$ cat final-v3.txt   # compact mmCIF, C-alpha atoms
# COMPACT_ATOMS: atom_id res chain seq x y z
CA MET C 1014 14.90 45.18 49.38
CA ARG C 1015 12.79 45.40 46.23
CA SER C 1016 13.05 42.34 43.98
CA GLY C 1017 12.69 42.24 40.20
CA PRO C 1018 13.50 44.91 37.61
CA GLU C 1019 14.32 48.42 38.71
CA SER C 1020 11.56 50.96 39.18
CA ALA C 1021 11.70 54.29 37.37
CA ARG C 1022 13.24 56.05 40.35
CA GLU C 1023 15.66 53.25 41.21
CA LEU C 1024 17.08 53.45 37.71
CA ILE C 1025 17.31 57.24 37.90
CA ALA C 1026 19.10 57.00 41.25
CA ARG C 1027 21.62 54.54 39.78
CA LEU C 1028 22.33 56.76 36.77
CA ALA C 1029 22.17 60.28 38.17
CA PRO C 1030 23.48 61.61 41.50
CA GLU C 1031 21.39 64.74 40.98
CA PHE C 1032 17.77 64.73 39.80
CA LYS C 1033 15.14 67.47 39.91
CA GLU C 1034 11.68 66.21 39.02
CA LEU C 1035 9.35 68.32 36.93
CA PRO C 1036 6.20 69.55 38.71
CA GLU C 1037 3.00 67.54 38.52
CA SER C 1038 0.75 68.24 35.54
CA GLY C 1039 -2.52 68.03 37.47
CA PRO C 1040 -4.53 65.48 39.46
CA PRO C 1041 -5.85 62.21 37.95
CA ALA C 1042 -9.06 62.77 35.96
CA GLY C 1043 -11.43 60.35 37.69
CA ASP C 1044 -12.42 57.46 35.47
CA GLY C 1045 -10.56 58.94 32.50
CA PRO C 1046 -11.71 60.15 29.08
CA LEU C 1047 -13.95 57.08 28.55
CA ASP C 1048 -15.51 57.11 32.03
CA TRP C 1049 -14.23 53.55 32.37
CA PRO C 1050 -15.95 52.03 35.42
CA GLY C 1051 -13.55 51.77 38.34
CA TYR C 1052 -10.61 53.31 36.47
CA GLY C 1053 -10.11 55.98 39.14
CA ASP C 1054 -9.85 53.29 41.80
CA LEU C 1055 -7.31 51.39 39.68
CA VAL C 1056 -5.22 54.55 39.35
CA ALA C 1057 -5.35 55.10 43.12
CA ARG C 1058 -4.17 51.53 43.77
CA ALA C 1059 -1.38 51.90 41.19
CA THR C 1060 -0.26 55.05 42.99
CA GLU C 1061 -0.35 53.31 46.36
CA ARG C 1062 1.64 50.38 44.98
CA THR C 1063 4.33 52.40 43.15
CA GLY C 1064 4.28 55.80 44.80
CA GLU C 1065 3.82 57.40 41.39
CA GLN C 1066 0.99 59.51 39.95
CA GLU C 1067 1.64 58.34 36.39
CA SER C 1068 3.63 55.85 34.34
CA VAL C 1069 6.55 58.22 33.68
CA VAL C 1070 8.89 60.16 35.94
CA CYS C 1071 10.44 63.19 34.25
CA GLY C 1072 13.10 65.65 35.35
CA ILE C 1073 16.50 67.23 34.91
CA ALA C 1074 19.46 65.02 35.83
CA GLU C 1075 23.23 65.04 35.89
CA ILE C 1076 24.78 61.98 34.23
CA GLY C 1077 28.55 61.93 34.15
CA GLY C 1078 28.57 65.67 34.76
CA ILE C 1079 26.31 66.39 31.78
CA THR C 1080 22.82 67.82 32.22
CA ALA C 1081 20.01 65.97 30.49
CA MET C 1082 16.25 65.58 30.63
CA LEU C 1083 15.22 62.09 31.77
CA VAL C 1084 11.94 60.41 30.86
CA SER C 1085 11.82 57.20 32.92
CA PHE C 1086 8.94 54.73 32.66
CA GLU C 1087 7.41 53.05 35.71
CA PHE C 1088 6.20 49.62 34.58
CA GLY C 1089 4.43 49.00 37.88
CA PHE C 1090 1.95 51.74 36.97
CA PHE C 1091 -0.40 50.10 34.42
CA GLY C 1092 2.50 48.33 32.72
CA GLY C 1093 4.16 51.63 31.89
CA SER C 1094 1.32 52.29 29.47
CA LEU C 1095 0.74 55.55 27.64
CA GLY C 1096 -2.31 57.48 28.80
CA THR C 1097 -3.40 61.08 28.30
CA ARG C 1098 -1.54 62.29 31.39
CA THR C 1099 1.53 60.31 30.28
CA GLY C 1100 1.47 62.21 27.01
CA ALA C 1101 1.14 65.51 28.88
CA ARG C 1102 4.15 64.69 31.06
CA ILE C 1103 6.30 63.67 28.10
CA GLU C 1104 5.29 66.84 26.25
CA GLN C 1105 6.25 68.88 29.30
CA ALA C 1106 9.64 67.14 29.48
CA PHE C 1107 10.48 67.69 25.81
CA THR C 1108 9.35 71.32 25.95
CA GLN C 1109 11.49 71.98 29.03
CA ALA C 1110 14.47 70.27 27.36
CA ARG C 1111 14.17 72.58 24.36
CA ASP C 1112 13.81 75.64 26.58
CA SER C 1113 16.91 74.59 28.52
CA GLY C 1114 18.89 73.39 25.48
CA VAL C 1115 19.68 69.97 26.97
CA PRO C 1116 19.62 66.46 25.44
CA ILE C 1117 16.85 63.99 26.24
CA VAL C 1118 17.30 60.45 27.54
CA SER C 1119 14.22 58.22 27.35
CA LEU C 1120 14.39 55.16 29.63
CA VAL C 1121 11.60 53.21 27.97
CA ARG C 1122 9.73 50.34 29.58
CA THR C 1123 6.13 50.13 28.40
CA GLY C 1124 3.44 47.75 27.24
CA GLY C 1125 1.90 50.28 24.84
CA SER C 1126 -1.25 52.42 25.00
CA ARG C 1127 -3.60 52.23 27.99
CA MET C 1128 -6.74 50.21 27.29
CA GLN C 1129 -8.88 52.00 29.91
CA GLU C 1130 -8.38 55.31 28.06
CA GLY C 1131 -9.03 53.92 24.59
CA THR C 1132 -8.40 55.98 21.46
CA PRO C 1133 -7.58 59.19 23.41
CA ALA C 1134 -4.61 57.24 24.82
CA LEU C 1135 -3.64 56.10 21.32
CA LEU C 1136 -3.63 59.72 20.13
CA GLN C 1137 -0.76 60.43 22.51
CA LEU C 1138 1.50 58.89 19.87
CA HIS C 1139 0.83 61.92 17.66
CA ARG C 1140 1.54 64.17 20.61
CA ILE C 1141 4.85 62.47 21.38
CA ALA C 1142 5.88 62.33 17.72
CA ARG C 1143 5.31 66.07 17.47
CA GLN C 1144 7.63 66.65 20.43
CA ILE C 1145 10.30 64.44 18.87
CA ALA C 1146 10.02 66.41 15.61
CA LEU C 1147 10.28 69.78 17.38
CA THR C 1148 13.31 68.58 19.33
CA ARG C 1149 15.02 67.47 16.12
CA GLN C 1150 14.33 70.86 14.57
CA ALA C 1151 15.92 72.47 17.62
CA GLY C 1152 19.12 70.46 16.99
CA LEU C 1153 18.97 68.63 20.32
CA PRO C 1154 19.91 64.95 20.63
CA HIS C 1155 17.59 62.23 21.90
CA ILE C 1156 18.96 58.95 23.27
CA ALA C 1157 16.64 56.04 24.02
CA VAL C 1158 17.31 53.09 26.30
CA LEU C 1159 15.12 50.06 25.58
CA ARG C 1160 14.25 48.17 28.77
CA ASP C 1161 12.17 45.04 29.21
CA PRO C 1162 9.61 45.29 27.71
CA THR C 1163 9.48 48.05 25.11
CA THR C 1164 6.45 47.49 22.91
CA GLY C 1165 3.59 49.21 21.11
CA GLY C 1166 3.52 52.96 20.74
CA GLY C 1167 6.38 53.49 23.17
CA TRP C 1168 8.67 51.53 20.83
CA ALA C 1169 7.22 53.20 17.72
CA THR C 1170 7.82 56.73 19.08
CA LEU C 1171 10.29 57.26 21.92
CA GLY C 1172 12.23 54.07 21.19
CA ALA C 1173 12.61 53.70 17.45
CA GLY C 1174 12.29 57.46 16.92
CA ALA C 1175 15.38 58.40 18.94
CA ASP C 1176 18.67 59.49 17.38
CA VAL C 1177 20.67 56.84 19.23
CA VAL C 1178 19.01 53.63 20.43
CA LEU C 1179 20.61 51.53 23.17
CA GLY C 1180 19.04 48.17 24.00
CA LEU C 1181 19.47 46.36 27.30
CA HIS C 1182 20.35 42.70 26.88
CA GLY C 1183 17.36 40.41 27.35
CA ALA C 1184 14.70 43.04 26.66
CA GLN C 1185 11.56 42.22 24.71
CA VAL C 1186 11.31 44.88 21.99
CA GLY C 1187 8.70 45.03 19.26
CA PHE C 1188 5.55 46.71 18.11
CA ALA C 1189 3.46 43.70 19.10
CA GLY C 1190 3.79 42.61 22.73
CA SER C 1191 3.87 39.03 23.96
CA ARG C 1192 0.13 39.02 24.73
CA VAL C 1193 -0.66 40.09 21.17
CA ARG C 1194 1.75 37.89 19.24
CA PRO C 1195 3.71 35.48 21.45
CA PRO C 1196 6.61 35.05 21.73
CA GLY C 1197 7.77 38.65 21.91
CA TYR C 1198 10.49 39.96 19.61
CA SER C 1199 13.87 40.40 21.30
CA VAL C 1200 16.23 43.37 21.37
CA THR C 1201 18.92 41.11 19.89
CA GLN C 1202 16.73 40.49 16.86
CA GLN C 1203 16.07 44.22 16.51
CA PHE C 1204 19.81 44.86 16.65
CA ALA C 1205 20.45 42.28 13.94
CA ALA C 1206 17.79 43.98 11.80
CA GLY C 1207 19.50 47.37 12.05
CA LEU C 1208 16.96 48.99 14.38
CA VAL C 1209 19.11 49.23 17.54
CA ASP C 1210 22.54 50.86 17.64
CA GLN C 1211 24.11 49.04 20.57
CA LEU C 1212 23.36 46.17 22.95
CA VAL C 1213 24.23 47.13 26.52
CA GLN C 1214 24.51 45.17 29.75
CA PRO C 1215 22.48 46.79 32.56
CA ASP C 1216 25.56 47.32 34.75
CA GLU C 1217 27.36 49.27 31.99
CA LEU C 1218 24.44 51.56 31.15
CA LYS C 1219 25.69 54.54 33.14
CA THR C 1220 29.11 54.40 31.49
CA ARG C 1221 27.58 54.05 28.04
CA LEU C 1222 25.15 56.92 28.57
CA THR C 1223 27.91 59.14 29.93
CA ARG C 1224 30.02 58.51 26.84
CA TRP C 1225 27.13 59.17 24.49
CA LEU C 1226 26.11 62.37 26.27
CA ARG C 1227 29.67 63.63 26.03
CA LEU C 1228 29.77 62.81 22.33
CA VAL C 1229 26.51 64.50 21.35
CA THR C 1230 27.15 67.68 23.35
CA ALA C 1231 30.76 68.55 22.40
CA PRO C 1232 31.06 69.02 18.62
CA ALA C 1233 34.42 69.79 17.04
CA THR C 1234 34.67 72.63 14.53
CA ASP C 1235 36.21 70.52 11.76
CA ALA C 1236 37.43 67.02 10.92
CA PRO C 1237 41.12 67.07 9.96
CA ALA C 1238 42.27 64.36 7.57
CA PRO C 1239 44.07 61.47 9.27
CA LYS C 1240 47.72 60.74 8.56
CA ALA C 1241 48.50 57.90 6.19
CA LEU C 1242 49.33 54.69 8.03
CA GLY C 1243 50.58 52.54 5.17
CA ALA C 1244 52.94 53.20 2.26
CA THR C 1245 54.94 56.42 2.26
CA THR C 1246 56.13 56.45 -1.38
CA LEU C 1247 53.92 57.04 -4.40
CA PRO C 1248 53.17 54.27 -6.93
CA GLU C 1249 54.98 54.54 -10.26
CA THR C 1250 52.20 53.04 -12.36
CA GLY C 1251 48.44 52.81 -12.24
CA TRP C 1252 48.57 49.05 -11.85
CA GLU C 1253 50.96 49.39 -8.91
CA ALA C 1254 48.45 51.75 -7.29
CA VAL C 1255 45.71 49.16 -7.74
CA GLN C 1256 47.85 46.36 -6.33
CA ARG C 1257 48.83 48.43 -3.31
CA ALA C 1258 45.20 49.30 -2.59
CA ARG C 1259 44.25 45.64 -2.80
CA ALA C 1260 47.10 44.39 -0.59
CA PRO C 1261 45.65 42.36 2.32
CA ASP C 1262 48.13 43.81 4.83
CA ARG C 1263 47.31 47.45 4.03
CA PRO C 1264 45.83 49.40 7.00
CA LYS C 1265 42.03 49.28 6.95
CA ALA C 1266 39.32 51.51 8.40
CA SER C 1267 39.38 50.01 11.90
CA THR C 1268 43.10 50.77 12.20
CA TYR C 1269 42.60 54.35 11.04
CA LEU C 1270 39.72 54.94 13.46
CA ALA C 1271 41.72 53.54 16.39
CA ALA C 1272 44.62 55.87 15.61
CA TYR C 1273 42.44 58.91 14.95
CA PHE C 1274 40.16 58.81 18.00
CA ASP C 1275 40.82 58.60 21.72
CA TRP C 1276 37.69 56.44 21.83
CA HIS C 1277 34.56 56.08 19.75
CA GLU C 1278 31.02 54.68 19.90
CA PRO C 1279 29.35 52.99 16.93
CA ILE C 1280 25.86 53.26 15.57
CA SER C 1281 24.45 50.32 13.66
CA GLY C 1282 21.88 49.74 10.97
CA ASP C 1283 19.87 51.62 8.39
CA ARG C 1284 16.58 51.65 10.38
CA ALA C 1285 14.99 49.78 7.49
CA GLY C 1286 15.90 46.19 8.32
CA GLY C 1287 19.51 46.12 7.16
CA VAL C 1288 23.08 46.07 8.52
CA ASP C 1289 26.30 46.14 6.48
CA ASP C 1290 29.27 44.93 8.50
CA GLY C 1291 31.55 46.41 5.84
CA VAL C 1292 30.63 49.98 6.84
CA LEU C 1293 31.55 51.45 10.24
CA CYS C 1294 29.59 54.49 11.44
CA GLY C 1295 29.51 56.35 14.71
CA PHE C 1296 30.90 59.23 16.75
CA GLY C 1297 34.41 59.57 18.14
CA HIS C 1298 36.15 61.59 20.84
CA ARG C 1299 39.29 63.41 19.66
CA ASP C 1300 41.11 66.03 21.74
CA GLY C 1301 38.03 66.61 23.88
CA LYS C 1302 35.66 67.13 20.95
CA THR C 1303 33.38 64.98 18.80
CA ILE C 1304 33.76 64.01 15.16
CA ALA C 1305 31.38 61.61 13.39
CA TYR C 1306 32.65 58.95 11.02
CA ALA C 1307 31.44 56.76 8.16
CA ALA C 1308 34.07 54.30 6.94
CA GLN C 1309 34.17 51.59 4.30
CA CYS C 1310 36.13 48.47 5.20
CA GLY C 1311 37.29 47.25 1.80
CA THR C 1312 34.26 45.17 0.86
CA ALA C 1313 31.55 45.79 -1.71
CA THR C 1314 29.18 48.22 0.00
CA GLN C 1315 25.64 46.95 0.53
CA PRO C 1316 22.47 49.10 0.32
CA ALA C 1317 22.26 49.05 4.13
CA GLY C 1318 25.78 50.47 4.31
CA PHE C 1319 24.90 53.47 2.16
CA ARG C 1320 21.69 54.06 4.13
CA THR C 1321 23.47 53.82 7.49
CA ALA C 1322 26.09 56.30 6.32
CA ALA C 1323 23.34 58.66 5.12
CA ARG C 1324 21.65 58.39 8.54
CA LEU C 1325 24.97 59.19 10.23
CA VAL C 1326 25.61 62.23 8.02
CA ARG C 1327 22.13 63.66 8.56
CA LEU C 1328 22.29 63.15 12.33
CA ALA C 1329 25.75 64.72 12.56
CA ASP C 1330 24.61 67.64 10.41
CA ARG C 1331 21.59 68.25 12.63
CA LEU C 1332 23.78 68.21 15.75
CA GLY C 1333 26.47 70.40 14.18
CA ILE C 1334 29.13 67.67 14.38
CA PRO C 1335 31.76 67.45 11.58
CA VAL C 1336 32.14 64.17 9.71
CA LEU C 1337 35.11 62.10 8.58
CA THR C 1338 34.53 59.57 5.79
CA LEU C 1339 37.02 56.85 4.85
CA VAL C 1340 36.71 55.46 1.32
CA ASP C 1341 37.75 51.88 0.65
CA THR C 1342 35.61 49.66 -1.58
CA PRO C 1343 35.94 47.82 -4.89
CA GLY C 1344 32.48 49.24 -5.59
CA ALA C 1345 28.85 48.97 -4.64
CA ALA C 1346 27.32 45.51 -4.33
CA ASN C 1347 25.54 44.79 -7.62
CA ASP C 1348 24.15 41.28 -7.27
CA GLU C 1349 20.45 40.45 -7.44
CA ALA C 1350 19.97 40.83 -3.68
CA ALA C 1351 21.53 44.31 -3.73
CA GLU C 1352 19.37 45.40 -6.64
CA LYS C 1353 16.23 44.14 -4.89
CA ALA C 1354 17.28 46.02 -1.75
CA GLY C 1355 17.51 49.25 -3.75
CA VAL C 1356 21.25 49.80 -4.06
CA GLY C 1357 20.79 52.60 -6.59
CA ALA C 1358 18.35 54.48 -4.39
CA ALA C 1359 20.60 53.93 -1.36
CA ILE C 1360 23.59 55.42 -3.19
CA ALA C 1361 21.46 58.37 -4.28
CA ASP C 1362 20.37 58.89 -0.67
CA LEU C 1363 23.97 59.16 0.53
CA PHE C 1364 24.94 61.48 -2.33
CA THR C 1365 22.04 63.72 -1.33
CA ALA C 1366 22.85 63.60 2.39
CA ILE C 1367 26.44 64.72 1.80
CA ALA C 1368 25.47 67.33 -0.79
CA SER C 1369 22.88 68.80 1.61
CA ALA C 1370 25.05 68.85 4.73
CA THR C 1371 26.19 72.16 6.15
CA THR C 1372 28.58 70.62 8.69
CA PRO C 1373 32.18 70.13 7.49
CA ILE C 1374 32.83 66.73 5.88
CA THR C 1375 36.37 65.51 5.19
CA THR C 1376 37.20 62.41 3.16
CA LEU C 1377 40.33 60.28 3.13
CA LEU C 1378 40.77 57.70 0.37
CA ILE C 1379 42.58 54.86 2.17
CA GLY C 1380 42.34 51.99 -0.33
CA GLU C 1381 40.27 51.07 -3.33
CA GLY C 1382 37.99 53.71 -4.79
CA GLY C 1383 35.69 51.80 -7.07
CA SER C 1384 33.27 53.94 -9.06
CA GLY C 1385 30.07 55.45 -7.62
CA GLY C 1386 30.10 53.13 -4.64
CA ALA C 1387 33.26 54.90 -3.47
CA LEU C 1388 32.37 58.39 -4.65
CA ALA C 1389 29.11 58.36 -2.68
CA PHE C 1390 31.17 58.46 0.55
CA ALA C 1391 33.38 61.32 -0.68
CA ALA C 1392 32.96 65.00 0.14
CA PRO C 1393 33.32 67.25 -2.92
CA GLY C 1394 36.30 69.58 -2.59
CA ARG C 1395 37.52 67.99 0.67
CA LEU C 1396 39.06 64.73 -0.55
CA TRP C 1397 42.53 63.56 0.45
CA ALA C 1398 44.36 60.38 -0.61
CA THR C 1399 46.95 58.07 0.89
CA PRO C 1400 49.90 56.74 -1.14
CA ASP C 1401 48.31 53.26 -1.21
CA SER C 1402 44.96 54.23 -2.69
CA TYR C 1403 43.29 54.84 -6.04
CA LEU C 1404 40.01 56.23 -7.38
CA ALA C 1405 38.62 55.22 -10.75
CA VAL C 1406 35.46 55.32 -12.79
CA ILE C 1407 35.61 51.51 -12.69
CA SER C 1408 38.20 48.81 -12.01
CA PRO C 1409 40.87 48.41 -14.71
CA GLU C 1410 39.74 44.84 -15.40
CA LEU C 1411 36.13 45.85 -16.01
CA ALA C 1412 37.19 48.91 -17.97
CA ALA C 1413 39.19 46.67 -20.29
CA ALA C 1414 36.20 44.35 -20.72
CA ILE C 1415 33.85 47.25 -21.50
CA LEU C 1416 36.35 48.60 -24.04
CA LYS C 1417 36.54 45.09 -25.61
CA ARG C 1418 40.20 44.69 -24.75
CA GLU C 1419 41.98 41.50 -23.85
CA PRO C 1420 42.26 40.77 -20.08
CA GLU C 1421 46.03 41.24 -20.13
CA GLN C 1422 45.48 44.87 -21.19
CA ALA C 1423 44.01 45.72 -17.78
CA GLN C 1424 47.41 46.89 -16.54
CA ALA C 1425 47.85 49.35 -19.40
CA THR C 1426 44.26 50.47 -18.95
CA ALA C 1427 45.02 51.30 -15.31
CA ASP C 1428 47.65 53.80 -16.50
CA GLN C 1429 45.22 55.36 -18.98
CA LEU C 1430 42.58 55.81 -16.29
CA ARG C 1431 44.99 58.06 -14.31
CA LEU C 1432 43.80 56.64 -11.01
CA ARG C 1433 46.98 57.04 -8.92
CA PRO C 1434 46.82 59.37 -5.91
CA GLN C 1435 49.19 61.85 -7.60
CA ASP C 1436 46.99 61.74 -10.71
CA LEU C 1437 43.98 62.62 -8.58
CA VAL C 1438 45.81 65.68 -7.26
CA GLU C 1439 46.92 66.77 -10.74
CA LEU C 1440 43.36 66.40 -12.03
CA GLY C 1441 42.04 68.57 -9.19
CA ILE C 1442 40.03 65.67 -7.72
CA ALA C 1443 42.02 65.34 -4.49
CA ASN C 1444 43.30 68.21 -2.37
CA GLY C 1445 46.51 66.40 -1.58
CA ILE C 1446 48.24 63.24 -0.41
CA THR C 1447 48.57 62.64 3.31
CA ALA C 1448 51.81 61.33 4.74

$ encode --input "final-v3.txt" --output "C-alpha cells"
Amino acid sequence: MRSGPESARELIARLAPEFKELPESGPPAGDGPLDWPGYGDLVARATERTGEQESVVCGIAEIGGITAMLVSFEFGFFGGSLGTRTGARIEQAFTQARDSGVPIVSLVRTGGSRMQEGTPALLQLHRIARQIALTRQAGLPHIAVLRDPTTGGGWATLGAGADVVLGLHGAQVGFAGSRVRPPGYSVTQQFAAGLVDQLVQPDELKTRLTRWLRLVTAPATDAPAPKALGATTLPETGWEAVQRARAPDRPKASTYLAAYFDWHEPISGDRAGGVDDGVLCGFGHRDGKTIAYAAQCGTATQPAGFRTAARLVRLADRLGIPVLTLVDTPGAANDEAAEKAGVGAAIADLFTAIASATTPITTLLIGEGGSGGALAFAAPGRLWATPDSYLAVISPELAAAILKREPEQAQATADQLRLRPQDLVELGIANGITA
C-alpha cells in the first residue's frame, strides 16, 4: 500500500466513481524549452516513478452525481510544478469544461513553476489566468481545493483565483514556499486572513465538494422573503420600534438562515486580508434550488463585511443565483481602524455590486437599520420589513445630537424620523411587512 499523501489518481478515485481522462497533449519535448541538460531523463524517471506524463491529471468526473471537470495535481512529478505542458493540459481542461458547460474543480498541490523550464514555465500563469477569466465570462463555477503544499503560481492562479476556495487542514499555503521563506504559511492563517472560504478535513472532502457542486449548479429563479420570526404586532411609537430592534432576545440572522434553508454553506473573507464575523455570506439549499445570502448579525459592519458581501453578490450574479440579504446593524463601523481599512470605499463597492446585479435580490429588514451601513445591504424596490425592525437615516440618539437637542429628546426624535416598519411601507420604502 502506498504511504504518504494521496497521488492525483488516488484522490480522484476517492472522490469520483466515474472518471474519463482527457487525451494526452503530446509527447515530452526532450530537454524542454531551455535545453536544460538531462531534463528529458528527469522527466522519464518522474514518469516511471509516478506513472504520469505530467504534473496534472485532467478529466471529466462524476462527484455526488454531478458532472465536473477535475484538474488534479501529482506532487510526485517535479513537485507538482507548472511547466509548459502543464499549462497546455490545464488550458485543455478549462476549454473542454466551457464546451461541455460543466463546473471545474481544481485539486491543487504544487510547489510553483518548474525551474528546469525557466521563464517559459512562469508564463503559464498568464495562460492559466486567461482560462480562468474565460470561464468566469462563460458563467461557470470554479472550486479549488488547497492540498499540502499549495504555493507559488498555483496558489496565485488556480487556488486564490477560484470562486470558492476549500483548504485541507494542515496544508501549507502561500505564495512563497518553505524553501524560499521558511516556515511556510498555513491554510489556517490564510483562512483567518479572509483568503480561504472553508477549512475541510480530508475525510469530509467528498461530502463538501458534493454539496458545493449541487449549490453552484442548481440556481433558484427568485429569493422569496422569509417569514418574520419575532414580534407579530406593530410598534406604536418610533422609540418602541428602536427598542424592539435592539432587544437581545430578538431573532438574529443565524436563526433566520436556519429556518429559511434546508442546509447552507458559508463563504468567508473579502480576499483582501479581512474577515467580519458580523456578516454571514454563502449559498443555501431551499426546496432543491440554490439561493445566495448576505446577512448582517446586529453588529457594526466592518469594511471586510461589506467587501465580502459584494464578492458574494457578484459571484451569485455571474452564476445566475438569486440573493437574499438580511439587514441588521446599528451602522457601519466608523472608528479609526475602519476608516484606515477603507470603510467608505467598501460601502460604495457593495452599493455598486447590488445596483449592477441582474439576478433577483430580495432584502428583509430583521432588526436595526442604521444609515448607509444598513442601506448598502438593501435591494432597491425589493425591501421587506419585520414588525421588530426599523430603518433610519441615523440613530435617534445621534440625530438628536446633530440637531442640538437634549439627550432625552431622542425618543421624540424617533417618532419624527418615521422609522417604524409601517412608516417605511407608507413612505414607499418597503414593499410590505412580513408576518

$ residues_around --input "final-v3.txt" --residues "C:Pro1261" --least-positions-apart "4" --cutoff "12 Å" --atoms "all atoms listed in the file" --output "list of chain:residue names"
C:Gly1243, C:Gln1256, C:Arg1257, C:Lys1265, C:Cys1310, C:Gly1311, C:Thr1312, C:Gly1380, C:Glu1381, C:Asp1401

$ closest_residue --input "final-v3.txt" --among "C:Leu1218, C:Ile1141, C:Leu1147, C:Leu1377" --to "C:Arg1027" --atoms "all atoms listed in the file"
C:Leu1218

$ axis_aligned_box --input "final-v3.txt" --around "stretch 1066-1074 of chain C" --padding-each-side "5 Å" --output "lines of an AutoDock Vina configuration file"
center_x = 10.2
center_y = 61.5
center_z = 36.8
size_x = 28.5
size_y = 21.4
size_z = 16.3

$ closest_residue --input "final-v3.txt" --among "C:Gln1150, C:Ser1384, C:Tyr1273, C:Pro1316" --to "C:Glu1352" --atoms "all atoms listed in the file"
C:Pro1316

$ closest_residue --input "final-v3.txt" --among "C:Ala1146, C:Val1213, C:Ala1387, C:Ala1081" --to "C:Glu1104" --atoms "all atoms listed in the file"
C:Ala1146

$ atom_distance --input "final-v3.txt" --atom1 "atom CA of C:Ser1094" --atom2 "atom CA of C:Arg1111"
24.6 Å

$ decode --input "final-v3.txt" --residues "stretch 1292-1327 of chain C" --atoms "C-alpha atoms" --output "mmCIF file, in the first residue's frame"
data_model
loop_
_atom_site.group_PDB
_atom_site.id
_atom_site.type_symbol
_atom_site.label_atom_id
_atom_site.label_comp_id
_atom_site.auth_asym_id
_atom_site.auth_seq_id
_atom_site.Cartn_x
_atom_site.Cartn_y
_atom_site.Cartn_z
ATOM 1 C CA VAL C 1292 -21.590 39.306 8.352
ATOM 2 C CA LEU C 1293 -22.652 35.839 7.161
ATOM 3 C CA CYS C 1294 -22.360 35.080 3.440
ATOM 4 C CA GLY C 1295 -22.796 31.917 1.432
ATOM 5 C CA PHE C 1296 -25.156 29.745 -0.589
ATOM 6 C CA GLY C 1297 -28.128 27.783 0.705
ATOM 7 C CA HIS C 1298 -30.273 24.877 -0.473
ATOM 8 C CA ARG C 1299 -34.023 25.548 -0.358
ATOM 9 C CA ASP C 1300 -36.622 23.253 -1.946
ATOM 10 C CA GLY C 1301 -33.999 21.696 -4.210
ATOM 11 C CA LYS C 1302 -32.647 25.005 -5.508
ATOM 12 C CA THR C 1303 -29.902 27.455 -4.545
ATOM 13 C CA ILE C 1304 -30.228 30.954 -3.113
ATOM 14 C CA ALA C 1305 -27.226 33.037 -2.031
ATOM 15 C CA TYR C 1306 -27.285 35.082 1.156
ATOM 16 C CA ALA C 1307 -25.529 38.045 2.758
ATOM 17 C CA ALA C 1308 -26.689 38.732 6.313
ATOM 18 C CA GLN C 1309 -25.760 41.233 8.987
ATOM 19 C CA CYS C 1310 -25.729 39.922 12.555
ATOM 20 C CA GLY C 1311 -26.565 43.043 14.550
ATOM 21 C CA THR C 1312 -23.057 44.432 14.955
ATOM 22 C CA ALA C 1313 -21.412 47.451 13.359
ATOM 23 C CA THR C 1314 -20.385 46.245 9.905
ATOM 24 C CA GLN C 1315 -16.658 46.296 9.183
ATOM 25 C CA PRO C 1316 -15.079 47.105 5.790
ATOM 26 C CA ALA C 1317 -14.355 43.394 5.309
ATOM 27 C CA GLY C 1318 -18.051 42.644 5.807
ATOM 28 C CA PHE C 1319 -19.107 44.993 3.018
ATOM 29 C CA ARG C 1320 -16.407 43.624 0.704
ATOM 30 C CA THR C 1321 -17.342 40.002 1.426
ATOM 31 C CA ALA C 1322 -20.989 40.772 0.707
ATOM 32 C CA ALA C 1323 -20.011 42.487 -2.553
ATOM 33 C CA ARG C 1324 -17.967 39.410 -3.533
ATOM 34 C CA LEU C 1325 -20.967 37.196 -2.766
ATOM 35 C CA VAL C 1326 -23.355 39.337 -4.825
ATOM 36 C CA ARG C 1327 -21.036 39.444 -7.839
#
